file input.cif (mmCIF, C-alpha atoms)
data_structure
#
loop_
_atom_site.label_atom_id
_atom_site.label_comp_id
_atom_site.auth_asym_id
_atom_site.auth_seq_id
_atom_site.Cartn_x
_atom_site.Cartn_y
_atom_site.Cartn_z
CA MET A 235 110.09 66.04 79.32
CA ARG A 236 111.61 67.40 76.12
CA ASN A 237 108.43 69.38 75.40
CA LEU A 238 108.41 70.72 78.95
CA LEU A 239 111.97 71.98 78.61
CA LYS A 240 111.15 73.43 75.21
CA ASN A 241 108.14 75.32 76.61
CA PHE A 242 110.21 76.49 79.56
CA ARG A 243 112.97 77.88 77.31
CA PHE A 244 110.39 79.51 75.08
CA GLY A 245 108.62 81.04 78.07
CA ILE A 246 111.82 82.47 79.52
CA ASN A 247 112.76 84.03 76.16
CA SER A 248 109.28 85.44 75.56
CA THR A 249 108.22 88.98 76.41
CA ILE A 250 106.16 87.85 79.39
CA GLY A 251 108.97 85.58 80.60
CA LYS A 252 111.51 88.38 80.43
CA ASN A 253 109.07 90.75 82.12
CA ILE A 254 108.49 88.31 84.99
CA ILE A 255 112.24 87.95 85.50
CA SER A 256 112.67 91.72 85.40
CA LEU A 257 109.88 92.24 87.92
CA TYR A 258 111.38 89.62 90.21
CA LEU A 259 114.63 91.58 90.11
CA LEU A 260 112.58 94.67 90.93
CA GLN A 261 110.98 92.93 93.90
CA ILE A 262 114.46 91.96 95.09
CA SER A 263 115.38 95.64 95.05
CA TYR A 264 112.15 96.56 96.86
CA TYR A 265 112.20 93.92 99.59
CA VAL A 266 115.35 91.77 99.68
CA LEU A 267 117.91 94.60 99.57
CA PRO A 268 116.13 96.49 102.37
CA LEU A 269 115.89 93.19 104.25
CA ILE A 270 119.68 93.00 104.14
CA THR A 271 119.83 96.28 106.04
CA VAL A 272 117.10 95.41 108.57
CA PRO A 273 119.33 93.32 110.92
CA TYR A 274 121.76 96.26 111.03
CA LEU A 275 119.16 99.00 111.36
CA VAL A 276 117.06 97.39 114.10
CA ARG A 277 120.19 97.00 116.22
CA VAL A 278 121.76 100.43 115.52
CA LEU A 279 118.58 102.52 115.62
CA GLY A 280 116.80 100.44 118.28
CA PRO A 281 113.06 99.68 118.40
CA GLU A 282 112.05 103.28 119.21
CA LYS A 283 113.86 105.14 116.39
CA PHE A 284 113.28 102.29 113.93
CA GLY A 285 109.60 102.48 114.85
CA LEU A 286 109.58 106.28 114.48
CA VAL A 287 110.87 106.07 110.91
CA ALA A 288 108.35 103.30 110.20
CA PHE A 289 105.60 105.57 111.59
CA GLY A 290 106.71 108.34 109.21
CA GLN A 291 106.95 105.97 106.24
CA SER A 292 103.47 104.68 106.98
CA LEU A 293 102.03 108.20 106.87
CA ILE A 294 103.92 109.08 103.68
CA THR A 295 102.57 105.91 102.06
CA PHE A 296 99.15 107.59 102.03
CA PHE A 297 100.64 110.41 99.96
CA VAL A 298 102.45 107.95 97.70
CA LEU A 299 99.17 106.22 96.92
CA PHE A 300 97.53 109.62 96.49
CA VAL A 301 99.99 110.72 93.76
CA ASN A 302 99.98 107.26 92.15
CA TYR A 303 96.19 107.54 92.01
CA GLY A 304 95.01 104.48 90.04
CA PHE A 305 97.50 105.02 87.22
CA ASP A 306 99.55 101.85 87.76
CA LEU A 307 96.47 99.92 86.63
CA THR A 308 94.35 102.29 84.51
CA ALA A 309 97.18 104.00 82.61
CA THR A 310 98.95 100.64 82.22
CA ARG A 311 95.81 99.13 80.71
CA GLU A 312 95.26 102.07 78.34
CA ILE A 313 98.88 102.22 77.18
CA SER A 314 98.88 98.44 76.66
CA VAL A 315 95.93 98.77 74.28
CA LYS A 316 97.36 101.81 72.40
CA ARG A 317 101.02 100.82 72.54
CA LYS A 318 101.44 100.80 68.72
CA SER A 319 100.78 104.55 68.51
CA ASN A 320 103.64 106.66 69.88
CA LYS A 321 101.43 109.74 69.63
CA ASP A 322 98.74 108.21 71.82
CA VAL A 323 101.23 106.81 74.33
CA SER A 324 103.02 110.17 74.55
CA GLY A 325 99.72 111.99 75.06
CA ILE A 326 98.62 109.63 77.83
CA SER A 327 102.05 109.88 79.49
CA CYS A 328 102.09 113.67 79.58
CA SER A 329 98.53 113.82 80.91
CA VAL A 330 99.40 111.35 83.67
CA TRP A 331 102.58 113.20 84.64
CA ILE A 332 100.80 116.56 84.92
CA ALA A 333 97.97 114.95 86.89
CA LYS A 334 100.50 113.44 89.29
CA VAL A 335 102.27 116.79 89.75
CA LEU A 336 98.95 118.41 90.67
CA LEU A 337 98.23 115.58 93.10
CA GLY A 338 101.73 115.98 94.56
CA ILE A 339 101.15 119.68 95.24
CA ILE A 340 97.86 118.89 96.96
CA GLY A 341 99.53 116.13 98.99
CA LEU A 342 102.33 118.43 100.20
CA SER A 343 99.76 121.06 101.22
CA VAL A 344 97.86 118.47 103.27
CA LEU A 345 101.08 117.30 104.95
CA LEU A 346 101.96 120.88 105.94
CA LEU A 347 98.50 121.31 107.47
CA LEU A 348 98.87 118.06 109.43
CA ILE A 349 102.27 119.16 110.73
CA GLN A 350 100.75 122.47 111.80
CA PHE A 351 97.75 121.10 113.68
CA VAL A 352 98.61 117.55 114.85
CA PRO A 353 101.06 117.61 117.81
CA LYS A 354 102.55 114.15 117.19
CA MET A 355 103.36 115.12 113.59
CA ASN A 356 104.58 118.59 114.54
CA GLN A 357 107.15 116.99 116.85
CA ASN A 358 108.53 115.00 113.88
CA SER A 359 108.03 117.59 111.13
CA LEU A 360 111.58 117.38 109.76
CA LEU A 361 111.38 113.60 109.49
CA LEU A 362 108.05 113.78 107.62
CA LEU A 363 109.25 116.47 105.20
CA ILE A 364 112.37 114.46 104.39
CA LEU A 365 110.33 111.30 103.83
CA PHE A 366 107.95 113.17 101.51
CA GLY A 367 110.70 112.77 98.92
CA ILE A 368 109.41 109.19 98.54
CA ALA A 369 106.11 110.62 97.27
CA VAL A 370 107.99 112.98 94.92
CA GLY A 371 109.92 110.06 93.46
CA ASN A 372 106.72 108.10 92.86
CA MET A 373 105.20 111.18 91.25
CA LEU A 374 108.05 111.26 88.71
CA PHE A 375 108.68 107.57 88.02
CA PRO A 376 106.61 106.29 85.02
CA ASN A 377 105.99 102.79 86.33
CA TRP A 378 102.67 102.64 84.44
CA LEU A 379 104.43 103.47 81.15
CA PHE A 380 106.99 100.67 81.46
CA LEU A 381 104.31 98.18 82.51
CA GLY A 382 101.99 99.15 79.64
CA LEU A 383 104.77 98.82 77.06
CA GLU A 384 106.02 95.66 78.78
CA ARG A 385 109.47 97.17 79.29
CA MET A 386 109.97 95.91 82.83
CA LYS A 387 113.73 95.55 82.43
CA ALA A 388 114.09 99.33 82.57
CA ILE A 389 112.19 99.48 85.87
CA SER A 390 114.41 96.78 87.37
CA VAL A 391 117.75 98.27 86.31
CA ILE A 392 116.89 101.78 87.52
CA ASN A 393 115.44 100.75 90.85
CA MET A 394 118.04 98.12 91.67
CA SER A 395 120.84 100.61 90.97
CA MET A 396 119.35 103.24 93.27
CA ARG A 397 118.58 100.77 96.04
CA ALA A 398 122.07 99.28 95.88
CA VAL A 399 123.47 102.77 96.49
CA THR A 400 121.05 103.25 99.38
CA THR A 401 121.96 99.90 100.90
CA ALA A 402 125.64 100.84 100.85
CA GLY A 403 124.78 104.23 102.31
CA VAL A 404 123.01 102.63 105.28
CA PHE A 405 126.11 100.69 106.34
CA ILE A 406 128.41 103.66 105.77
CA LEU A 407 126.37 106.52 107.25
CA ILE A 408 124.10 105.04 109.96
CA ARG A 409 126.09 104.65 113.18
CA ASN A 410 123.75 105.40 116.12
CA PRO A 411 120.06 106.11 116.90
CA ASP A 412 120.50 109.84 116.19
CA ASP A 413 121.18 109.00 112.53
CA TYR A 414 117.51 108.14 111.88
CA LEU A 415 117.10 111.35 109.83
CA ILE A 416 120.00 110.29 107.59
CA TYR A 417 118.23 106.96 107.09
CA ALA A 418 115.07 108.83 106.10
CA GLY A 419 117.10 110.91 103.64
CA LEU A 420 118.53 107.79 102.01
CA LEU A 421 115.02 106.37 101.57
CA SER A 422 113.90 109.55 99.78
CA PHE A 423 117.09 109.79 97.72
CA GLN A 424 116.56 106.42 96.05
CA TRP A 425 113.03 107.32 94.96
CA VAL A 426 113.74 110.84 93.70
CA PHE A 427 116.73 109.80 91.60
CA ALA A 428 114.92 106.73 90.28
CA GLY A 429 112.09 109.05 89.22
CA ILE A 430 114.45 111.38 87.38
CA LEU A 431 116.20 108.49 85.60
CA GLY A 432 112.81 107.01 84.67
CA ILE A 433 111.74 110.22 82.93
CA VAL A 434 115.06 110.48 81.08
CA PHE A 435 114.76 106.86 79.89
CA ALA A 436 111.18 107.43 78.74
CA ILE A 437 112.17 110.46 76.66
CA VAL A 438 115.47 109.18 75.25
CA ARG A 439 114.83 105.45 74.76
CA LEU A 440 111.04 105.18 74.47
CA LYS A 441 110.80 108.37 72.38
CA ILE A 442 108.05 109.87 74.52
CA ARG A 443 107.31 113.33 73.17
CA ILE A 444 106.72 115.92 75.85
CA SER A 445 103.77 118.27 75.33
CA ILE A 446 101.38 120.27 77.48
CA PRO A 447 98.09 118.36 77.68
CA LYS A 448 94.76 120.13 77.52
CA PRO A 449 92.76 120.41 80.75
CA HIS A 450 90.11 117.94 79.53
CA GLU A 451 92.83 115.35 78.80
CA ILE A 452 94.11 115.62 82.37
CA PHE A 453 90.54 115.34 83.63
CA GLN A 454 90.03 112.22 81.51
CA VAL A 455 93.00 110.32 83.01
CA LEU A 456 91.88 111.36 86.48
CA SER A 457 88.29 110.26 85.90
CA ARG A 458 89.39 106.90 84.47
CA GLY A 459 91.54 106.25 87.53
CA TRP A 460 89.02 107.50 90.09
CA THR A 461 87.58 104.18 91.21
CA LEU A 462 90.99 102.53 91.50
CA PHE A 463 92.27 105.62 93.31
CA LEU A 464 89.62 105.07 95.98
CA SER A 465 90.72 101.44 96.08
CA ASN A 466 94.36 102.44 96.60
CA ILE A 467 93.49 104.84 99.40
CA ALA A 468 91.41 102.12 101.04
CA GLN A 469 94.25 99.61 100.65
CA SER A 470 96.69 102.05 102.22
CA ILE A 471 94.61 102.01 105.40
CA TYR A 472 94.78 98.26 105.93
CA TYR A 473 98.00 97.46 104.11
CA SER A 474 100.40 100.36 104.52
CA GLY A 475 98.94 102.43 107.31
CA ASN A 476 99.26 99.93 110.14
CA SER A 477 102.42 101.44 111.59
CA PHE A 478 100.76 104.85 111.52
CA ILE A 479 97.64 103.53 113.30
CA LEU A 480 99.83 101.79 115.89
CA GLY A 481 101.86 104.96 116.41
CA MET A 482 98.71 106.95 117.10
CA LEU A 483 97.25 104.34 119.48
CA THR A 484 100.40 103.09 121.25
CA ASN A 485 104.09 104.10 121.15
CA TYR A 486 107.00 103.94 118.71
CA THR A 487 108.54 100.89 120.39
CA VAL A 488 105.40 98.86 119.67
CA VAL A 489 105.53 100.21 116.11
CA GLY A 490 109.12 98.96 115.89
CA TYR A 491 108.16 95.42 116.91
CA TYR A 492 105.31 95.33 114.40
CA SER A 493 107.02 97.05 111.45
CA ALA A 494 110.11 94.83 111.72
CA ALA A 495 107.94 91.70 111.36
CA GLU A 496 105.89 93.36 108.65
CA LYS A 497 109.00 94.07 106.56
CA ILE A 498 109.90 90.38 106.65
CA THR A 499 106.36 89.47 105.61
CA LEU A 500 106.36 91.98 102.75
CA SER A 501 109.61 90.53 101.45
CA LEU A 502 107.83 87.18 101.04
CA LEU A 503 104.69 88.74 99.56
CA GLY A 504 106.90 90.50 97.04
CA LEU A 505 107.73 87.12 95.50
CA PHE A 506 104.18 86.71 94.19
CA ARG A 507 103.35 90.14 92.71
CA PRO A 508 105.72 90.04 89.64
CA VAL A 509 103.74 87.25 87.95
CA ALA A 510 100.48 89.13 88.49
CA LEU A 511 101.85 92.41 87.11
CA ALA A 512 103.65 90.85 84.14
CA VAL A 513 100.64 88.84 82.96
CA TYR A 514 98.07 91.59 83.65
CA PRO A 515 98.65 93.69 80.46
CA ARG A 516 98.44 90.59 78.24
CA LEU A 517 95.26 89.26 79.87
CA SER A 518 93.73 92.76 79.70
CA ARG A 519 94.03 92.62 75.90
CA ILE A 520 92.82 89.01 75.67
CA ALA A 521 89.78 89.57 77.94
CA SER A 522 87.85 91.50 75.28
CA SER A 523 87.99 88.61 72.82
CA SER A 524 88.37 85.37 74.80
CA LYS A 525 86.86 84.92 78.24
CA ASN A 526 87.87 81.26 78.34
CA THR A 527 91.54 82.01 77.71
CA VAL A 528 91.68 84.37 80.68
CA LEU A 529 89.91 81.87 82.96
CA PHE A 530 92.08 79.01 81.71
CA TRP A 531 95.34 80.74 82.63
CA SER A 532 93.92 82.19 85.82
CA ARG A 533 92.99 78.69 86.92
CA ARG A 534 96.53 77.50 86.33
CA LEU A 535 97.92 80.50 88.19
CA ILE A 536 95.60 79.76 91.12
CA PHE A 537 97.19 76.33 91.61
CA VAL A 538 100.78 77.49 91.05
CA MET A 539 100.66 80.69 93.12
CA GLY A 540 98.42 79.14 95.78
CA GLY A 541 100.84 76.24 96.21
CA LEU A 542 103.84 78.55 96.52
CA GLY A 543 101.92 80.79 98.92
CA LEU A 544 100.95 77.87 101.14
CA ALA A 545 104.56 76.66 101.29
CA ALA A 546 105.73 80.16 102.23
CA SER A 547 103.04 80.48 104.93
CA ILE A 548 103.94 77.15 106.57
CA THR A 549 107.66 77.98 106.51
CA MET A 550 107.03 81.41 107.95
CA PHE A 551 104.84 80.15 110.81
CA PHE A 552 107.16 77.40 112.06
CA GLY A 553 110.34 79.32 111.31
CA ALA A 554 109.25 82.58 112.99
CA PRO A 555 111.35 82.18 116.19
CA LEU A 556 114.52 81.42 114.22
CA ILE A 557 113.82 84.13 111.60
CA VAL A 558 113.34 86.80 114.26
CA LYS A 559 116.41 85.68 116.19
CA ILE A 560 118.66 85.80 113.09
CA ILE A 561 117.28 88.90 111.36
CA LEU A 562 116.05 91.09 114.21
CA GLY A 563 117.95 89.89 117.26
CA SER A 564 117.04 89.05 120.85
CA GLY A 565 115.58 92.51 121.51
CA TYR A 566 112.59 91.83 119.22
CA GLY A 567 110.92 88.92 121.01
CA PRO A 568 107.40 90.42 120.60
CA SER A 569 107.90 90.30 116.82
CA ILE A 570 107.71 86.47 116.86
CA ILE A 571 103.96 86.31 117.51
CA VAL A 572 103.42 89.10 114.94
CA LEU A 573 105.28 87.11 112.30
CA GLN A 574 103.31 83.96 113.13
CA VAL A 575 99.97 85.76 112.85
CA LEU A 576 101.03 87.34 109.54
CA SER A 577 102.31 84.00 108.22
CA VAL A 578 98.94 83.18 106.61
CA LEU A 579 99.21 86.24 104.31
CA PRO A 580 101.41 84.72 101.56
CA PHE A 581 98.74 82.08 100.88
CA ILE A 582 95.80 84.49 101.08
CA VAL A 583 97.41 87.26 99.00
CA ALA A 584 98.71 84.86 96.32
CA LEU A 585 95.13 83.68 95.67
CA SER A 586 93.62 87.14 95.99
CA ASP A 587 96.07 88.67 93.47
CA VAL A 588 95.12 86.14 90.81
CA LEU A 589 91.38 86.63 91.32
CA SER A 590 91.63 90.43 91.46
CA ILE A 591 94.41 91.41 89.05
CA GLN A 592 94.12 88.57 86.52
CA ILE A 593 90.32 88.33 86.35
CA MET A 594 88.37 91.15 87.98
CA LEU A 595 90.35 94.07 86.49
CA PRO A 596 90.87 92.68 82.94
CA PHE A 597 87.07 92.26 82.74
CA SER A 598 86.67 95.93 83.82
CA LYS A 599 85.03 95.24 87.19
CA ASP A 600 86.87 98.25 88.64
CA LYS A 601 83.93 99.56 90.68
CA PHE A 602 83.41 96.27 92.50
CA TYR A 603 87.17 95.92 93.00
CA THR A 604 87.07 99.32 94.71
CA MET A 605 83.89 98.70 96.71
CA ILE A 606 85.39 95.58 98.26
CA ARG A 607 88.51 97.46 99.34
CA VAL A 608 86.70 100.53 100.65
CA PHE A 609 84.45 98.34 102.80
CA THR A 610 87.52 96.37 103.93
CA ALA A 611 89.21 99.60 105.04
CA PHE A 612 86.34 100.44 107.39
CA LEU A 613 86.29 96.86 108.66
CA HIS A 614 90.06 96.97 109.24
CA ILE A 615 89.87 100.18 111.27
CA LEU A 616 87.07 98.73 113.40
CA ILE A 617 88.97 95.51 114.10
CA ALA A 618 92.18 97.45 114.83
CA LEU A 619 90.40 99.74 117.31
CA LEU A 620 89.04 96.66 119.09
CA LEU A 621 92.26 94.61 119.14
CA VAL A 622 95.21 97.03 119.30
CA PRO A 623 94.47 98.58 122.74
CA LYS A 624 94.51 95.08 124.29
CA PHE A 625 96.95 93.12 122.12
CA ASN A 626 99.19 95.91 120.70
CA GLU A 627 101.32 94.71 117.75
CA ALA A 628 99.72 91.24 117.66
CA GLY A 629 96.27 92.83 117.50
CA MET A 630 97.27 94.86 114.45
CA ALA A 631 98.61 91.74 112.76
CA ALA A 632 95.30 89.96 113.40
CA ALA A 633 93.38 92.92 111.98
CA LEU A 634 95.46 92.81 108.78
CA VAL A 635 94.94 89.06 108.32
CA SER A 636 91.18 89.44 108.86
CA SER A 637 91.03 92.20 106.24
CA GLN A 638 92.91 90.20 103.62
CA ALA A 639 90.74 87.13 104.22
CA PHE A 640 87.62 89.27 103.72
CA ILE A 641 88.98 90.54 100.38
CA LEU A 642 89.70 87.01 99.15
CA ILE A 643 86.26 85.69 100.08
CA SER A 644 84.40 88.73 98.71
CA THR A 645 86.30 88.67 95.42
CA PHE A 646 85.65 84.96 94.91
CA LEU A 647 81.92 85.36 95.63
CA CYS A 648 81.63 88.26 93.15
CA LEU A 649 83.45 86.37 90.40
CA SER A 650 81.31 83.30 91.02
CA TYR A 651 78.14 85.40 90.70
CA TRP A 652 79.38 86.79 87.33
CA LYS A 653 80.50 83.29 86.25
CA LEU A 654 84.04 84.60 85.98
CA SER A 655 85.50 82.29 88.58
CA PRO A 656 88.25 79.96 87.25
CA LEU A 657 85.89 77.17 88.29
CA HIS A 658 83.60 78.23 85.42
CA TYR A 659 86.31 77.63 82.81
CA LYS A 660 85.18 75.43 79.93
CA ILE A 661 87.71 73.28 78.10
CA ASP A 662 88.71 74.82 74.78
CA GLU A 663 91.21 72.96 72.59
CA ASN A 664 92.08 76.18 70.73
CA ILE A 665 93.60 77.79 73.82
CA PRO A 666 97.42 77.92 73.44
CA HIS A 667 99.55 75.82 75.77
CA SER A 668 101.37 78.95 76.89
CA PRO A 669 100.03 82.49 77.39
CA VAL A 670 103.12 83.83 75.65
CA ASN A 671 102.01 82.07 72.45
CA SER A 672 98.92 84.27 72.26
CA LYS A 673 99.17 86.88 69.54
CA THR A 674 96.31 88.87 70.94
#

call {"tool": "encode", "arguments": {"input": "input.cif", "output": "structure tokens"}}
result
Amino acid sequence: MRNLLKNFRFGINSTIGKNIISLYLLQISYYVLPLITVPYLVRVLGPEKFGLVAFGQSLITFFVLFVNYGFDLTATREISVKRKSNKDVSGISCSVWIAKVLLGIIGLSVLLLLIQFVPKMNQNSLLLLILFGIAVGNMLFPNWLFLGLERMKAISVINMSMRAVTTAGVFILIRNPDDYLIYAGLLSFQWVFAGILGIVFAIVRLKIRISIPKPHEIFQVLSRGWTLFLSNIAQSIYYSGNSFILGMLTNYTVVGYYSAAEKITLSLLGLFRPVALAVYPRLSRIASSSKNTVLFWSRRLIFVMGGLGLAASITMFFGAPLIVKIILGSGYGPSIIVLQVLSVLPFIVALSDVLSIQIMLPFSKDKFYTMIRVFTAFLHILIALLLVPKFNEAGMAAALVSSQAFILISTFLCLSYWKLSPLHYKIDENIPHSPVNSKT
């Protein structure tokens, strides 16, 4: 017991321990703070206007993933390896920023074309242009830099501050359904200002030196992130684009029922991602020298995260009626079945994150990681087209669950074929009892 407490205290005070805590605070700002506003928003805006904003957010998510490219993983991995050289880190950072600005310009041009030629988007052009500020904020914010240098505390402080202001703004400024544009403006505000503060922190505190990168350097960061960029676009279809697909196939009220339940689900899923992101840079460095160490800790994470995910899934399924009644209110009865269908996701995603982020990517299996997700995107669209016309919001929930289950099974089969599954771990007495003890 004494050794357990000693290891726990050491883990909490270690870099990885502090990073996990910081990322959990970040997830609170991403999902829990918005969840505080959901009971208020769904009642004040109503299902239709709440669904309309969700429809717009879902579309803008495609542009967010477009400007983020694959940098949150590829740039993070590269900076993690070269973190001791300020010159190299500064060069990578400037190349990534310029690449993201170019992608942002392309994204805005595409949005303007969609507004011009797609009637449903033309009718809501002001809403979409306001929400595009979310993509601008993601373009500016150096998430990949903080992750690569394992400075997650900075991410948490900046984002929690901005989201706290936004949360207060929702209760002060949103009074009736016509205020949905103000709500959209608050969403964009938090991202743009977080992006600006992130750049200032990088220059002042991390001593990032700003320079104009050469064209071939920009091309290099884009080419390295290409496969994961395709993966992100694919993921946006089955993970972030569901409200958009529903809005195109049904109406904004149906979108409101689905997106409200989805927000609750995402708040639970957000509890599992910090561990994956915090450990990823360390395992990326270890993977080149010790396969067994990576598999050893991945196996432990499988049991821990899988157990937590299973508990969350069971709670979510049986507690769905009460959760919807308390958070969303009596006007969101259709959201109950959506939440129950989505309840299996915490368990599936917890396992999938460990297999994908802790094993597949550290061992540079980027192309297969992407292939699985691109194929899943096509599968998701097919299932959605079959189920949504008949089952509306519940059909979309079933399509999402099917897609995530396919990713988990495909990833496990690939890792087993390469003998990289945690089941292939061989006992090694030299492996440290804590990943934070590794000096790799």

call {"tool": "residues_near_point", "arguments": {"input": "input.cif", "point": "(96.4, 118.6, 85.2)", "cutoff": "9 Å", "atoms": "only C-alpha atoms", "output": "list of chain:residue names"}}
result
A:Ser329, A:Val330, A:Trp331, A:Ile332, A:Ala333, A:Lys334, A:Val335, A:Leu336, A:Leu337, A:Pro447, A:Lys448, A:Pro449, A:His450, A:Glu451, A:Ile452, A:Phe453, A:Leu456

call {"tool": "residues_around", "arguments": {"input": "input.cif", "residues": "stretch 362-375 of chain A", "least_positions_apart": "3", "cutoff": "6 Å", "atoms": "only C-alpha atoms", "output": "PDB file with C-alpha atoms, keeping the file's coordinate frame"}}
result
ATOM      1  CA  GLY A 290     106.710 108.340 109.210  1.00  0.00           C
ATOM      2  CA  VAL A 298     102.450 107.950  97.700  1.00  0.00           C
ATOM      3  CA  VAL A 301      99.990 110.720  93.760  1.00  0.00           C
ATOM      4  CA  LYS A 334     100.500 113.440  89.290  1.00  0.00           C
ATOM      5  CA  SER A 359     108.030 117.590 111.130  1.00  0.00           C
ATOM      6  CA  ALA A 418     115.070 108.830 106.100  1.00  0.00           C
ATOM      7  CA  GLY A 419     117.100 110.910 103.640  1.00  0.00           C
ATOM      8  CA  SER A 422     113.900 109.550  99.780  1.00  0.00           C
ATOM      9  CA  TRP A 425     113.030 107.320  94.960  1.00  0.00           C
ATOM     10  CA  VAL A 426     113.740 110.840  93.700  1.00  0.00           C
ATOM     11  CA  GLY A 429     112.090 109.050  89.220  1.00  0.00           C
ATOM     12  CA  GLY A 432     112.810 107.010  84.670  1.00  0.00           C
TER      13      GLY A 432
END

call {"tool": "resolve_selection", "arguments": {"input": "input.cif", "expression": "the PyMOL selection byres ((chain A and resi 477-479) around 12)", "output": "MDAnalysis selection string"}}
result
chainID A and resid 284:296 354:355 470:476 480:497 614:619 621:623 626:627 629:631 633:634

call {"tool": "closest_residue", "arguments": {"input": "input.cif", "among": "A:Ser644, A:Pro273, A:Gly304, A:Thr400", "to": "A:Trp460", "atoms": "all atoms listed in the file"}}
result
A:Gly304

call {"tool": "residues_around", "arguments": {"input": "input.cif", "residues": "A:Ile313", "least_positions_apart": "3", "cutoff": "10 Å", "atoms": "all atoms listed in the file", "output": "PDB file with C-alpha atoms, in the frame of the given file"}}
result
ATOM      1  CA  THR A 308      94.350 102.290  84.510  1.00  0.00           C
ATOM      2  CA  ALA A 309      97.180 104.000  82.610  1.00  0.00           C
ATOM      3  CA  THR A 310      98.950 100.640  82.220  1.00  0.00           C
ATOM      4  CA  LYS A 316      97.360 101.810  72.400  1.00  0.00           C
ATOM      5  CA  ARG A 317     101.020 100.820  72.540  1.00  0.00           C
ATOM      6  CA  LYS A 318     101.440 100.800  68.720  1.00  0.00           C
ATOM      7  CA  SER A 319     100.780 104.550  68.510  1.00  0.00           C
ATOM      8  CA  ASN A 320     103.640 106.660  69.880  1.00  0.00           C
ATOM      9  CA  ASP A 322      98.740 108.210  71.820  1.00  0.00           C
ATOM     10  CA  VAL A 323     101.230 106.810  74.330  1.00  0.00           C
ATOM     11  CA  SER A 324     103.020 110.170  74.550  1.00  0.00           C
ATOM     12  CA  ILE A 326      98.620 109.630  77.830  1.00  0.00           C
ATOM     13  CA  SER A 327     102.050 109.880  79.490  1.00  0.00           C
ATOM     14  CA  TRP A 378     102.670 102.640  84.440  1.00  0.00           C
ATOM     15  CA  LEU A 379     104.430 103.470  81.150  1.00  0.00           C
ATOM     16  CA  PHE A 380     106.990 100.670  81.460  1.00  0.00           C
ATOM     17  CA  LEU A 381     104.310  98.180  82.510  1.00  0.00           C
ATOM     18  CA  GLY A 382     101.990  99.150  79.640  1.00  0.00           C
ATOM     19  CA  LEU A 383     104.770  98.820  77.060  1.00  0.00           C
ATOM     20  CA  GLU A 384     106.020  95.660  78.780  1.00  0.00           C
ATOM     21  CA  PRO A 515      98.650  93.690  80.460  1.00  0.00           C
TER      22      PRO A 515
END
